[in-house]
Amino acid sequence: MIAMIFVQVYLIAAFIFGDPQALDIHRVVGRVVVGFELVVLVTALVGWWGNSRVIGMSSALFGVGALQALLAHDIGSAPRVHALHGFLALVVFVLAWFITISGWRELYRRPVSLRSSS
Ligand code: HEM
């Protein structure tokens, strides 16, 4: 997921530097990214039910991701509004990062031993 955000930034840069095909690939990969954001939300709801922190962040990721995709084309008519599409990539990155760290910590948290070590 995080790797795909890097790919998206690279692809749009390739487009800016003159590769017209890169935008088509960016659009396709972008839809896949939004699909993954939905999968993250469903996984959080199913696997981390009761963990409001992870569910909250996953909902925010999907909400921001969907808004970001809509801002590219469907929402707004001014360039400065569409530019929020690029800006929100940073928010998506931060949310995806925190979800990854939270999930990682949850999975690899060491069980607390009640016995003394001696
Ligand atoms: C998390 C990273 C990103 C994702 C998931 C993403 C996703 C998408 C998607 C799904 C579309 C197609 C929208 C549509 O056709 O309705 C799109 C188009 C576009 N994106 Fe991104 N994008 C990302 C980052 C960026 C960045 C950083 C920029 C530029 C700074 C950018 C610039 C554009 C442009 C110029 C379009 C074409 C808009 C149009 O069809 O008129 N994107 N992106």
# chains A, B, ... in the order shown; residues from 1 in each chain; ligands from 1
$ residues_around --residues "range 39-43 of chain A" --least-positions-apart "5" --cutoff "8 Å" --atoms "only C-alpha atoms" --output "list in words"
Trp48, Ile55, Ser58, Ser59, Leu61 and Phe62 of chain A
$ closest_atom_pairs --of "chain A" --to "ligand 1" --cutoff "8 Å" --atoms "only C-alpha atoms and all ligand atoms" --output "tab-separated table"
residue	atom	partner	partner_atom_place_in_ligand_line	distance
A:Met4	CA	ligand 1	1 (C)	7.4
A:Ile5	CA	ligand 1	1 (C)	4.5
A:Phe6	CA	ligand 1	2 (C)	7.5
A:Gln8	CA	ligand 1	24 (C)	5.3
A:Val9	CA	ligand 1	27 (C)	4.7
A:Ile12	CA	ligand 1	28 (C)	5.7
A:Ala13	CA	ligand 1	29 (C)	7.5
A:Leu23	CA	ligand 1	37 (C)	6.6
A:His26	CA	ligand 1	43 (N)	6.0
A:Arg27	CA	ligand 1	11 (C)	4.1
A:Val28	CA	ligand 1	10 (C)	6.7
A:Val29	CA	ligand 1	7 (C)	7.1
A:Gly30	CA	ligand 1	7 (C)	3.5
A:Arg31	CA	ligand 1	10 (C)	4.3
A:Val32	CA	ligand 1	10 (C)	7.7
A:Val33	CA	ligand 1	5 (C)	5.2
A:Val34	CA	ligand 1	5 (C)	6.2
A:Gly65	CA	ligand 1	5 (C)	6.6
A:Gln68	CA	ligand 1	7 (C)	7.0
A:Ala69	CA	ligand 1	10 (C)	4.7
A:Leu70	CA	ligand 1	16 (O)	5.9
A:Leu71	CA	ligand 1	13 (C)	7.7
A:Ala72	CA	ligand 1	38 (C)	4.6
A:His73	CA	ligand 1	16 (O)	4.8
A:Asp74	CA	ligand 1	16 (O)	6.2
A:His82	CA	ligand 1	38 (C)	7.9
A:Ala83	CA	ligand 1	30 (C)	7.1
A:His85	CA	ligand 1	42 (N)	6.0
A:Gly86	CA	ligand 1	26 (C)	3.8
A:Phe87	CA	ligand 1	27 (C)	6.7
A:Leu88	CA	ligand 1	1 (C)	7.2
A:Ala89	CA	ligand 1	1 (C)	4.1
A:Leu90	CA	ligand 1	1 (C)	7.2
A:Val92	CA	ligand 1	1 (C)	5.8
A:Phe93	CA	ligand 1	1 (C)	6.7
$ closest_residue --among "A:Met57, A:Ala96, A:Val81, A:Ile25" --to "Tyr10 in chain A" --atoms "only C-alpha atoms"
A:Ile25
